[in-house]
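Student: So here's model-v6.tsv, just TSV, C-alpha atoms and all ligand atoms:
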```tsv
chain	number	residue	atom	x	y	z
H	98	MET	CA	22.42	5.11	-2.52
H	99	LYS	CA	20.89	2.57	-4.90
H	100	MET	CA	17.29	1.70	-4.13
H	101	LEU	CA	15.00	-1.00	-5.46
H	102	VAL	CA	11.26	-0.37	-5.47
H	103	THR	CA	9.18	-3.45	-6.28
H	104	GLY	CA	5.68	-2.76	-7.64
H	105	CYS	CA	6.87	0.66	-8.85
H	106	ALA	CA	4.02	1.02	-11.36
H	107	GLY	CA	1.41	0.66	-8.64
H	108	PHE	CA	-0.24	3.34	-6.54
H	109	ILE	CA	2.19	3.48	-3.61
H	110	GLY	CA	5.28	2.24	-5.50
H	111	SER	CA	5.05	5.02	-8.10
H	112	HIS	CA	4.79	7.77	-5.46
H	113	LEU	CA	7.65	6.25	-3.48
H	114	SER	CA	9.88	6.00	-6.56
H	115	GLU	CA	9.22	9.66	-7.36
H	116	LYS	CA	10.08	10.70	-3.81
H	117	LEU	CA	13.35	8.72	-3.82
H	118	CYS	CA	14.32	10.09	-7.25
H	119	GLY	CA	13.58	13.60	-6.00
H	120	MET	CA	15.95	12.94	-3.09
H	121	GLY	CA	18.69	12.23	-5.64
H	122	GLU	CA	18.86	8.47	-5.04
H	123	ASP	CA	19.45	6.01	-7.87
H	124	VAL	CA	16.21	4.06	-8.16
H	125	VAL	CA	15.52	0.81	-9.95
H	126	GLY	CA	11.80	0.11	-10.18
H	127	ILE	CA	10.41	-3.27	-11.11
H	128	ASP	CA	6.87	-4.21	-12.09
H	129	CYS	CA	5.24	-6.81	-14.32
H	130	PHE	CA	1.87	-5.04	-14.77
H	131	THR	CA	-0.29	-7.75	-13.22
H	132	ASP	CA	-3.85	-7.71	-14.55
H	133	TYR	CA	-5.48	-6.83	-11.19
H	134	TYR	CA	-6.29	-3.47	-12.81
H	135	PRO	CA	-5.51	-2.07	-16.29
H	136	LYS	CA	-1.96	-1.79	-17.54
H	137	ALA	CA	-2.76	1.65	-18.98
H	138	THR	CA	-3.46	2.97	-15.46
H	139	LYS	CA	-0.10	1.65	-14.25
H	140	GLU	CA	1.70	3.08	-17.29
H	141	ALA	CA	0.16	6.46	-16.44
H	142	ASN	CA	1.51	6.06	-12.89
H	143	LEU	CA	5.02	5.82	-14.39
H	144	GLU	CA	4.60	8.92	-16.55
H	145	LYS	CA	6.47	11.39	-14.24
H	146	LEU	CA	9.26	8.88	-13.61
H	147	LYS	CA	10.06	8.70	-17.32
H	148	GLY	CA	11.59	12.18	-17.08
H	149	CYS	CA	13.75	11.18	-14.14
H	150	LYS	CA	17.40	10.55	-15.07
H	151	ASN	CA	18.13	8.52	-11.93
H	152	PHE	CA	15.21	6.12	-12.46
H	153	LYS	CA	15.50	2.83	-14.31
H	154	PHE	CA	12.43	0.71	-15.03
H	155	VAL	CA	12.63	-3.07	-15.28
H	156	GLU	CA	9.53	-4.77	-16.63
H	157	ALA	CA	9.70	-8.26	-15.13
H	158	ASP	CA	7.91	-10.69	-12.85
H	159	LEU	CA	9.75	-11.06	-9.54
H	160	ASN	CA	8.92	-14.76	-9.65
H	161	GLU	CA	10.93	-15.22	-12.79
H	162	ILE	CA	14.10	-13.15	-12.69
H	163	ASP	CA	17.51	-13.51	-11.11
H	164	LEU	CA	16.92	-11.69	-7.84
H	165	GLU	CA	20.52	-11.99	-6.64
H	166	LEU	CA	21.59	-10.10	-9.73
H	167	LEU	CA	18.80	-7.55	-9.21
H	168	LEU	CA	19.93	-6.90	-5.63
H	169	LYS	CA	23.62	-6.62	-6.54
H	170	ASP	CA	25.00	-3.28	-5.22
H	171	THR	CA	21.55	-2.35	-3.89
H	172	ASP	CA	21.46	-0.49	-0.58
H	173	ALA	CA	17.75	-0.68	0.20
H	174	VAL	CA	14.66	-2.54	-0.98
H	175	PHE	CA	11.15	-1.12	-0.70
H	176	HIS	CA	8.99	-4.16	-1.32
H	177	GLN	CA	5.61	-2.85	-2.48
H	178	ALA	CA	4.76	-5.47	-5.10
H	179	ALA	CA	1.77	-7.61	-4.23
H	180	GLN	CA	-1.59	-8.83	-5.36
H	181	ALA	CA	-3.77	-6.32	-3.52
H	182	GLY	CA	-7.44	-6.50	-2.58
H	183	VAL	CA	-9.29	-8.27	0.20
H	184	ARG	CA	-12.49	-9.24	-1.59
H	185	ALA	CA	-10.83	-10.86	-4.58
H	186	SER	CA	-8.61	-13.11	-2.49
H	187	TRP	CA	-11.06	-15.98	-1.96
H	188	GLY	CA	-11.31	-19.26	-3.89
H	189	LYS	CA	-9.05	-20.04	-6.82
H	190	SER	CA	-7.48	-16.58	-6.80
H	191	PHE	CA	-5.68	-17.39	-3.57
H	192	GLU	CA	-3.06	-19.06	-5.72
H	193	ILE	CA	-2.11	-15.65	-7.15
H	194	TYR	CA	-1.94	-14.18	-3.63
H	195	THR	CA	0.26	-17.06	-2.53
H	196	LYS	CA	2.57	-16.53	-5.49
H	197	ASN	CA	2.81	-12.74	-5.60
H	198	ASN	CA	2.63	-12.01	-1.87
H	199	ILE	CA	4.22	-14.94	-0.04
H	200	LEU	CA	6.51	-16.70	-2.52
H	201	VAL	CA	7.88	-13.51	-4.07
H	202	THR	CA	8.74	-12.15	-0.62
H	203	GLN	CA	10.49	-15.38	0.35
H	204	LYS	CA	12.51	-15.35	-2.89
H	205	LEU	CA	13.52	-11.72	-2.37
H	206	LEU	CA	14.56	-12.43	1.21
H	207	GLU	CA	16.64	-15.43	0.09
H	208	ALA	CA	18.43	-13.16	-2.38
H	209	ALA	CA	18.75	-10.47	0.30
H	210	LYS	CA	20.68	-12.95	2.51
H	211	LYS	CA	23.54	-12.80	0.05
H	212	SER	CA	23.47	-9.03	-0.43
H	213	ASN	CA	24.75	-6.06	1.55
H	214	LEU	CA	21.39	-4.39	2.08
H	215	LYS	CA	21.13	-1.67	4.69
H	216	LYS	CA	17.35	-1.93	4.83
H	217	PHE	CA	14.54	-4.12	3.47
H	218	ILE	CA	11.25	-2.34	3.97
H	219	TYR	CA	8.13	-4.44	3.51
H	220	ALA	CA	4.67	-3.02	2.74
H	221	SER	CA	2.50	-4.84	5.24
H	222	SER	CA	-1.14	-4.12	5.96
H	223	SER	CA	-3.65	-3.38	8.70
H	224	SER	CA	-5.54	-6.39	7.30
H	225	VAL	CA	-3.23	-8.62	9.37
H	226	TYR	CA	-5.20	-7.63	12.48
H	227	GLY	CA	-8.65	-8.90	11.46
H	228	ASP	CA	-11.67	-7.79	13.51
H	229	ALA	CA	-10.54	-5.76	16.48
H	230	GLU	CA	-11.70	-6.54	19.97
H	231	LYS	CA	-10.27	-3.24	21.14
H	232	LEU	CA	-9.16	-0.07	19.36
H	233	PRO	CA	-6.67	1.41	18.68
H	234	LEU	CA	-4.73	-1.48	17.18
H	235	LYS	CA	-1.27	-1.95	18.59
H	236	GLU	CA	1.63	-3.84	17.05
H	237	THR	CA	1.56	-6.09	20.12
H	238	ASN	CA	-1.99	-7.35	19.31
H	239	VAL	CA	-2.07	-10.97	18.19
H	240	PRO	CA	-2.76	-10.75	14.44
H	241	LYS	CA	-5.89	-12.66	13.39
H	242	PRO	CA	-6.60	-11.84	9.73
H	243	ILE	CA	-10.10	-12.58	8.45
H	244	SER	CA	-9.31	-12.57	4.72
H	245	PRO	CA	-6.99	-14.73	2.60
H	246	TYR	CA	-5.28	-11.48	1.51
H	247	GLY	CA	-4.60	-10.66	5.17
H	248	VAL	CA	-3.17	-14.15	5.68
H	249	SER	CA	-0.83	-13.69	2.72
H	250	LYS	CA	0.36	-10.27	3.96
H	251	LEU	CA	0.92	-11.65	7.46
H	252	ALA	CA	2.79	-14.71	6.16
H	253	ALA	CA	5.15	-12.44	4.23
H	254	GLU	CA	5.57	-10.20	7.28
H	255	HIS	CA	6.52	-13.25	9.36
H	256	LEU	CA	9.02	-14.22	6.66
H	257	CYS	CA	10.59	-10.75	6.91
H	258	TYR	CA	10.92	-11.17	10.67
H	259	LEU	CA	12.42	-14.65	10.52
H	260	TYR	CA	14.94	-13.75	7.82
H	261	TRP	CA	16.08	-10.94	10.14
H	262	LYS	CA	16.15	-13.21	13.19
H	263	ASN	CA	18.02	-16.07	11.48
H	264	PHE	CA	20.11	-14.37	8.81
H	265	GLY	CA	20.26	-10.71	9.84
H	266	VAL	CA	18.41	-9.41	6.77
H	267	PRO	CA	17.60	-5.85	7.98
H	268	THR	CA	13.83	-6.02	7.52
H	269	VAL	CA	11.28	-3.47	8.71
H	270	SER	CA	7.54	-3.94	8.18
H	271	LEU	CA	5.14	-1.04	7.78
H	272	ARG	CA	1.50	-1.93	8.37
H	273	TYR	CA	-0.30	0.60	6.17
H	274	PHE	CA	-3.86	1.55	7.13
H	275	THR	CA	-6.00	2.23	3.99
H	276	VAL	CA	-3.84	4.52	1.88
H	277	TYR	CA	-5.57	7.05	-0.39
H	278	GLY	CA	-4.76	10.04	-2.59
H	279	PRO	CA	-4.01	10.72	-6.28
H	280	ARG	CA	-3.47	7.45	-8.26
H	281	GLN	CA	-5.27	5.38	-5.64
H	282	ARG	CA	-6.05	1.90	-6.99
H	283	PRO	CA	-9.29	1.83	-8.99
H	284	ASP	CA	-10.77	-0.96	-6.84
H	285	MET	CA	-10.48	1.10	-3.63
H	286	ALA	CA	-13.50	2.80	-2.07
H	287	PHE	CA	-12.57	6.49	-2.42
H	288	ASN	CA	-11.53	6.07	-6.04
H	289	LYS	CA	-14.85	4.38	-6.83
H	290	PHE	CA	-16.89	6.87	-4.77
H	291	ILE	CA	-15.33	10.04	-6.20
H	292	LYS	CA	-15.64	8.70	-9.74
H	293	ALA	CA	-19.31	7.80	-9.21
H	294	VAL	CA	-20.18	11.15	-7.62
H	295	LEU	CA	-18.44	13.08	-10.43
H	296	LYS	CA	-20.24	11.05	-13.08
H	297	GLY	CA	-23.63	11.03	-11.32
H	298	GLU	CA	-23.47	7.25	-10.96
H	299	GLU	CA	-24.50	5.03	-8.04
H	300	ILE	CA	-22.14	4.38	-5.12
H	301	VAL	CA	-22.27	0.87	-3.74
H	302	VAL	CA	-21.63	0.70	0.01
H	303	TYR	CA	-20.98	-2.70	1.57
H	304	GLY	CA	-22.80	-2.87	4.90
H	305	ASP	CA	-24.47	0.08	6.63
H	306	GLY	CA	-21.79	2.72	5.97
H	307	LYS	CA	-21.06	2.93	9.68
H	308	GLN	CA	-17.86	0.92	9.41
H	309	THR	CA	-14.87	3.05	10.38
H	310	ARG	CA	-11.41	3.29	8.89
H	311	ASP	CA	-8.15	4.95	9.68
H	312	PHE	CA	-7.29	6.52	6.31
H	313	THR	CA	-3.66	7.39	5.51
H	314	PHE	CA	-2.80	9.99	2.90
H	315	ILE	CA	-0.23	8.84	0.35
H	316	SER	CA	2.44	11.43	1.27
H	317	ASP	CA	2.27	10.31	4.91
H	318	ALA	CA	2.76	6.66	3.87
H	319	ILE	CA	5.76	7.72	1.75
H	320	ASP	CA	7.25	9.78	4.60
H	321	ALA	CA	6.96	6.68	6.80
H	322	ASN	CA	9.08	4.72	4.30
H	323	ILE	CA	11.77	7.40	4.28
H	324	ALA	CA	11.76	7.58	8.08
H	325	ALA	CA	12.01	3.77	8.25
H	326	LEU	CA	14.93	3.83	5.81
H	327	GLU	CA	16.83	6.33	7.88
H	328	LEU	CA	15.86	5.51	11.45
H	329	ALA	CA	14.21	2.12	11.95
H	330	SER	CA	16.05	-0.74	13.61
H	331	ALA	CA	16.01	-4.07	11.79
H	332	GLY	CA	13.37	-6.55	12.93
H	333	THR	CA	10.77	-3.89	13.76
H	334	ILE	CA	7.11	-3.61	12.76
H	335	PHE	CA	5.20	-0.32	12.72
H	336	ASN	CA	1.58	0.75	12.29
H	337	ILE	CA	1.31	3.52	9.72
H	338	GLY	CA	-2.07	5.23	10.05
H	339	GLY	CA	-3.56	8.60	9.20
H	340	GLY	CA	-4.32	9.66	12.74
H	341	SER	CA	-8.11	9.60	12.90
H	342	ARG	CA	-11.03	7.21	12.67
H	343	VAL	CA	-13.79	8.11	10.23
H	344	PHE	CA	-17.20	6.60	9.46
H	345	LEU	CA	-17.36	5.64	5.78
H	346	ILE	CA	-20.62	7.52	5.46
H	347	ASP	CA	-18.98	10.73	6.75
H	348	ALA	CA	-16.17	10.36	4.24
H	349	ILE	CA	-18.85	10.18	1.52
H	350	LYS	CA	-20.36	13.43	2.83
H	351	THR	CA	-16.96	15.10	2.48
H	352	ILE	CA	-16.68	13.80	-1.08
H	353	GLU	CA	-20.13	15.26	-1.86
H	354	GLU	CA	-18.98	18.66	-0.56
H	355	LEU	CA	-15.75	18.58	-2.57
H	356	ALA	CA	-17.39	17.38	-5.76
H	357	GLY	CA	-20.37	19.71	-5.35
H	358	GLN	CA	-22.75	16.82	-6.10
H	359	LYS	CA	-24.98	14.55	-4.06
H	360	ALA	CA	-24.08	10.86	-3.91
H	361	LYS	CA	-26.59	8.20	-4.95
H	362	ILE	CA	-25.92	5.49	-2.40
H	363	LYS	CA	-26.96	1.85	-2.71
H	364	TYR	CA	-26.36	-0.28	0.38
H	365	ILE	CA	-25.65	-3.97	-0.11
H	366	GLU	CA	-24.55	-6.72	2.27
H	367	LYS	CA	-21.16	-6.62	3.99
H	368	GLN	CA	-18.49	-8.51	2.05
H	369	LYS	CA	-16.70	-11.51	3.50
H	370	GLY	CA	-13.20	-10.59	4.64
H	371	ASP	CA	-13.98	-6.88	5.24
H	372	VAL	CA	-13.16	-5.81	8.78
H	373	ARG	CA	-15.59	-3.61	10.68
H	374	ASP	CA	-13.26	-0.98	12.15
H	375	THR	CA	-9.62	0.05	12.01
H	376	LEU	CA	-7.65	2.60	13.98
H	377	ALA	CA	-3.89	2.56	14.27
H	378	ASP	CA	-1.98	3.26	17.42
H	379	THR	CA	1.01	5.00	15.84
H	380	SER	CA	2.83	5.83	19.05
H	381	LEU	CA	5.60	3.30	18.37
H	382	ALA	CA	6.30	4.80	14.92
H	383	LYS	CA	6.20	8.28	16.46
H	384	SER	CA	8.66	7.47	19.21
H	385	LEU	CA	11.12	5.34	17.21
H	386	ILE	CA	11.11	6.84	13.71
H	387	GLY	CA	9.41	10.20	14.30
H	388	TYR	CA	6.40	9.33	12.14
H	389	GLU	CA	3.49	11.74	12.41
H	390	PRO	CA	0.72	11.96	9.80
H	391	LYS	CA	0.37	15.49	8.46
H	392	VAL	CA	-2.59	15.39	6.06
H	393	ASN	CA	-6.15	15.23	7.40
H	394	LEU	CA	-8.98	13.48	5.57
H	395	LYS	CA	-10.54	16.62	4.09
H	396	GLU	CA	-7.23	17.88	2.70
H	397	GLY	CA	-6.38	14.43	1.37
H	398	LEU	CA	-9.76	13.89	-0.25
H	399	GLU	CA	-9.46	17.30	-1.86
H	400	GLU	CA	-6.21	16.19	-3.51
H	401	GLU	CA	-7.72	12.91	-4.71
H	402	THR	CA	-10.86	14.69	-6.01
H	403	LYS	CA	-8.70	17.24	-7.90
H	404	TRP	CA	-6.76	14.41	-9.52
H	405	MET	CA	-9.93	12.57	-10.53
H	406	LYS	CA	-11.56	15.72	-11.92
H	407	LYS	CA	-8.52	16.17	-14.15
H	408	LEU	CA	-8.59	12.49	-15.13
H	409	PHE	CA	-12.26	12.63	-16.12
H	410	LYS	CA	-12.03	16.20	-17.45
H	411	VAL	CA	-14.69	17.44	-15.03
H	412	SER	CA	-14.46	21.10	-13.96
J	1	LIG	N1	-3.21	0.77	-0.88
J	1	LIG	C1	-3.44	0.46	0.39
J	1	LIG	O1	-4.32	1.03	1.05
J	1	LIG	C2	-2.62	-0.59	1.08
J	1	LIG	C3	-2.93	-0.90	2.42
J	1	LIG	C4	-2.16	-1.86	3.06
J	1	LIG	C5	-1.11	-2.48	2.41
J	1	LIG	N2	-0.86	-2.18	1.11
J	1	LIG	C6	0.26	-2.86	0.45
J	1	LIG	O2	1.04	-1.87	-0.19
J	1	LIG	C7	1.61	-2.38	-1.40
J	1	LIG	C8	1.26	-1.48	-2.57
J	1	LIG	O3	-0.15	-1.39	-2.68
J	1	LIG	P1	-0.85	-0.58	-3.86
J	1	LIG	O4	-2.16	-0.13	-3.37
J	1	LIG	O5	0.12	0.40	-4.43
J	1	LIG	O6	-1.08	-1.75	-4.91
J	1	LIG	P2	-0.91	-1.77	-6.52
J	1	LIG	O7	-1.67	-2.98	-6.99
J	1	LIG	O8	-1.28	-0.45	-7.09
J	1	LIG	O9	0.66	-2.00	-6.72
J	1	LIG	C9	1.27	-3.25	-6.65
J	1	LIG	C10	2.13	-3.42	-7.88
J	1	LIG	O10	2.87	-4.66	-7.76
J	1	LIG	C11	2.99	-5.23	-9.05
J	1	LIG	N3	3.28	-6.66	-8.88
J	1	LIG	C12	2.51	-7.60	-8.26
J	1	LIG	N4	3.10	-8.82	-8.32
J	1	LIG	C13	4.29	-8.64	-8.98
J	1	LIG	C14	5.34	-9.52	-9.36
J	1	LIG	N5	5.28	-10.82	-9.10
J	1	LIG	N6	6.41	-9.00	-10.02
J	1	LIG	C15	6.47	-7.66	-10.31
J	1	LIG	N7	5.49	-6.78	-9.98
J	1	LIG	C16	4.41	-7.27	-9.32
J	1	LIG	C17	1.65	-4.94	-9.71
J	1	LIG	O11	1.71	-4.99	-11.13
J	1	LIG	C18	1.32	-3.55	-9.18
J	1	LIG	O12	1.71	-2.54	-10.10
J	1	LIG	C19	1.09	-3.80	-1.52
J	1	LIG	O13	2.06	-4.67	-0.98
J	1	LIG	C20	-0.16	-3.82	-0.66
J	1	LIG	O14	-0.44	-5.10	-0.15
J	1	LIG	C21	-1.59	-1.26	0.44
```
Go through the file and emit its structure as structure tokens.
Ligand SMILES: NC(=O)c1ccc[n+]([C@@H]2O[C@H](COP(=O)([O-])OP(=O)(O)OC[C@H]3O[C@@H](n4cnc5c(N)ncnc54)[C@H](O)[C@@H]3O)[C@@H](O)[C@H]2O)c1
Tutor:
Amino acid sequence: MKMLVTGCAGFIGSHLSEKLCGMGEDVVGIDCFTDYYPKATKEANLEKLKGCKNFKFVEADLNEIDLELLLKDTDAVFHQAAQAGVRASWGKSFEIYTKNNILVTQKLLEAAKKSNLKKFIYASSSSVYGDAEKLPLKETNVPKPISPYGVSKLAAEHLCYLYWKNFGVPTVSLRYFTVYGPRQRPDMAFNKFIKAVLKGEEIVVYGDGKQTRDFTFISDAIDANIAALELASAGTIFNIGGGSRVFLIDAIKTIEELAGQKAKIKYIEKQKGDVRDTLADTSLAKSLIGYEPKVNLKEGLEEETKWMKKLFKVS
């Protein structure tokens, strides 16, 4: 099969491209190296893929290229490209979120109308839910995002649904719950925390540290994409979580253990747009596509810590 992975130089897109290449699929990856974080980090994410004969990299902005041509003879699209980050999505920057999250998705779906895709898998987000009245979060909850980023991810998810409903584009949306692991984005909490602990620097915690998250290890998120490719019906939306709810402060304790160093924590005020708690109800994904997270937080953090120790040459 021929697969297209958008945002292939990013954290999730690079792992997904590697997995698909390893499965023997022909993979075209596209990325324009947005400046949300350094290009060098994204180039490093592509390093393993360079040795892959069935991988082709296209450096281009999805807003600017002929998407019909790009989708020609493509069997499946894994749409990971986006402007990520909740806290940066306020004010003037919303324009970038509108362009890279909403408009790009609409343009891809328009092109998909004229293609013979078997699946269009969209990387949605738990941020579409907003602050939960009741946990765990179910796909049937009315989404009420509390950040502009969440609004942009939800708008694109709605576009996926309506292009399926009206034109039969075989879309599936996966609502990822905080993905972590090697190559995690540098703006994400675990990346910043592990780096700070290893370097003896201060960790900044927004709020009291008692916020909870459902953390999903990268290989589980990737397995969910493969399961969705093979088993999901078009028009469906699934929560993809890691299977447990953890206090941020307890995750920091695990990082201290793994790094063998105490964290220096500085608490500052909660940031606008950050939700208090997340926990995915993954029963729908379990029953329809057989998704079950396999990596627990300690095992996953161990992998991310190992990767960061190597990156910073810390023994
Ligand atoms: N990481 C998480 O915890 C998480 C949680 C929920 C949802 N998601 C979603 O998963 C996807 C991947 O997230 P990530 O953490 O890997 O982010 P990332 O920033 O590492 O990867 C996104 C990639 O998309 C590329 N990109 C953005 N706009 C583009 C455009 N117009 N044309 C071409 N390339 C473009 C960027 O250069 C980047 O390399 C995103 O859609 C994100 O919203 C991530």
Student: Let me make sure I understand: among H:Glu115, H:Glu299, H:Asp311, H:Asp378, which one has the smallest atom-to-atom distance to ligand LIG 1 (chain J) if we use only C-alpha atoms and all ligand atoms?
Tutor: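 Using only C-alpha atoms and all ligand atoms, the shortest distance to ligand LIG 1 (chain J) belongs to H:Asp311.
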Student: So which residues are close to (-13.3, 19.5, -5.7), meaning at most 6 Å away in the file's coordinates with all atoms listed in the file counted, and can you show them as a PyMOL selection string?
Tutor: chain H and resi 355-356+399+402-403
Student: Quick one: everything within 9 Å of Asn393 in chain H, counting all atoms listed in the file, minus sequence neighbours fewer than 4 positions away in the same chain. Send it as number ranges by chain.
Tutor: H: 312-314, 339-341, 397-398
Student: Which residues are near ligand LIG 1 (chain J) in this structure, taking near to mean any atom at most 7 Å from a ligand atom and counting all atoms listed in the file? Format them as a ChimeraX atom specification.
Tutor: /H:103-110,127-131,133,139,157-160,176-181,197,201,220-223,250,272-277,281-282
Student: Kindly give the distance, in Å, that separates CA of Ala325 in chain H and CA of Ala209 in chain H, rounded to a single decimal.
Tutor: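 A separation of 17.6 Å between them.
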Student: One decimal, Å: what's the distance from CA of Thr202 in chain H over to CA of Glu327 in chain H, could you say?
Tutor: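 Rounded to one decimal, the two atoms are 21.9 Å apart.
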Student: Of the candidates H:Val125, H:Ala286, H:Leu295, H:Ile323, which one gets nearest to Lys410 in chain H if we count only C-alpha atoms?
Tutor: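 Nearest candidate to Lys410 in chain H out of H:Val125, H:Ala286, H:Leu295, H:Ile323: H:Leu295.
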Student: Return the single residue from H:Asp347, H:Arg280, H:Arg310, H:Ile319 that is closest to Trp404 in chain H, with distances computed using only C-alpha atoms.
Tutor: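 Closest candidate: H:Arg280.
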Student: Residues at most 7 Å from range 192-194 of chain H, counting only C-alpha atoms, excluding those fewer than 4 positions away in the same chain, as a PyMOL selection string?
Tutor: chain H and resi 180+186+198+246+249
Student: Please check which residues have atoms at most 9 Å from (-24.5, 17.6, -9.6) in the file's coordinates, counting only C-alpha atoms, and write them as a CSV table (one decimal) with C-alpha atoms, keeping the file's coordinate frame.
Tutor:
```
chain,number,residue,atom,x,y,z
H,294,VAL,CA,-20.2,11.2,-7.6
H,295,LEU,CA,-18.4,13.1,-10.4
H,296,LYS,CA,-20.2,11.0,-13.1
H,297,GLY,CA,-23.6,11.0,-11.3
H,356,ALA,CA,-17.4,17.4,-5.8
H,357,GLY,CA,-20.4,19.7,-5.4
H,358,GLN,CA,-22.8,16.8,-6.1
H,359,LYS,CA,-25.0,14.6,-4.1
H,360,ALA,CA,-24.1,10.9,-3.9
```
Student: Quote the spacing between CA of Leu200 in chain H and CA of Phe335 in chain H in Å to one decimal place.
Tutor: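 Separation of CA of Leu200 in chain H and CA of Phe335 in chain H: 22.4 Å.
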Student: So which residues touch Ser316 in chain H within 9 Å, counting only C-alpha atoms, skipping near sequence neighbours fewer than 6 positions away, as a list in words?
Tutor: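 Neighbouring residues, sequence-local ones excluded: His112, Leu113, Gly278, Pro390, Lys391 and Val392 of chain H.
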Student: Closest to Asn288 in chain H among H:Ile349, H:Ile199, H:Leu166, H:Ala253, using all atoms listed in the file?
Tutor: H:Ile349
Student: For Lys145 in chain H, list every protein, DNA or RNA residue within 9 Å, evaluated using only C-alpha atoms, and leave out those in the same chain fewer than 3 positions away; present the list as an MDAnalysis selection string.
Tutor: chainID H and resid 111 115 141:142 148:149
Student: Pick out the residues sitting within 8 Å of range 367-376 of chain H, and hand them over as number ranges by chain; count all atoms listed in the file, and ignore anything fewer than 6 positions along from it in its own chain.
Tutor: H: 183-184, 223-224, 227-229, 232-234, 243-245, 274, 303-305, 308-311, 338, 340-342
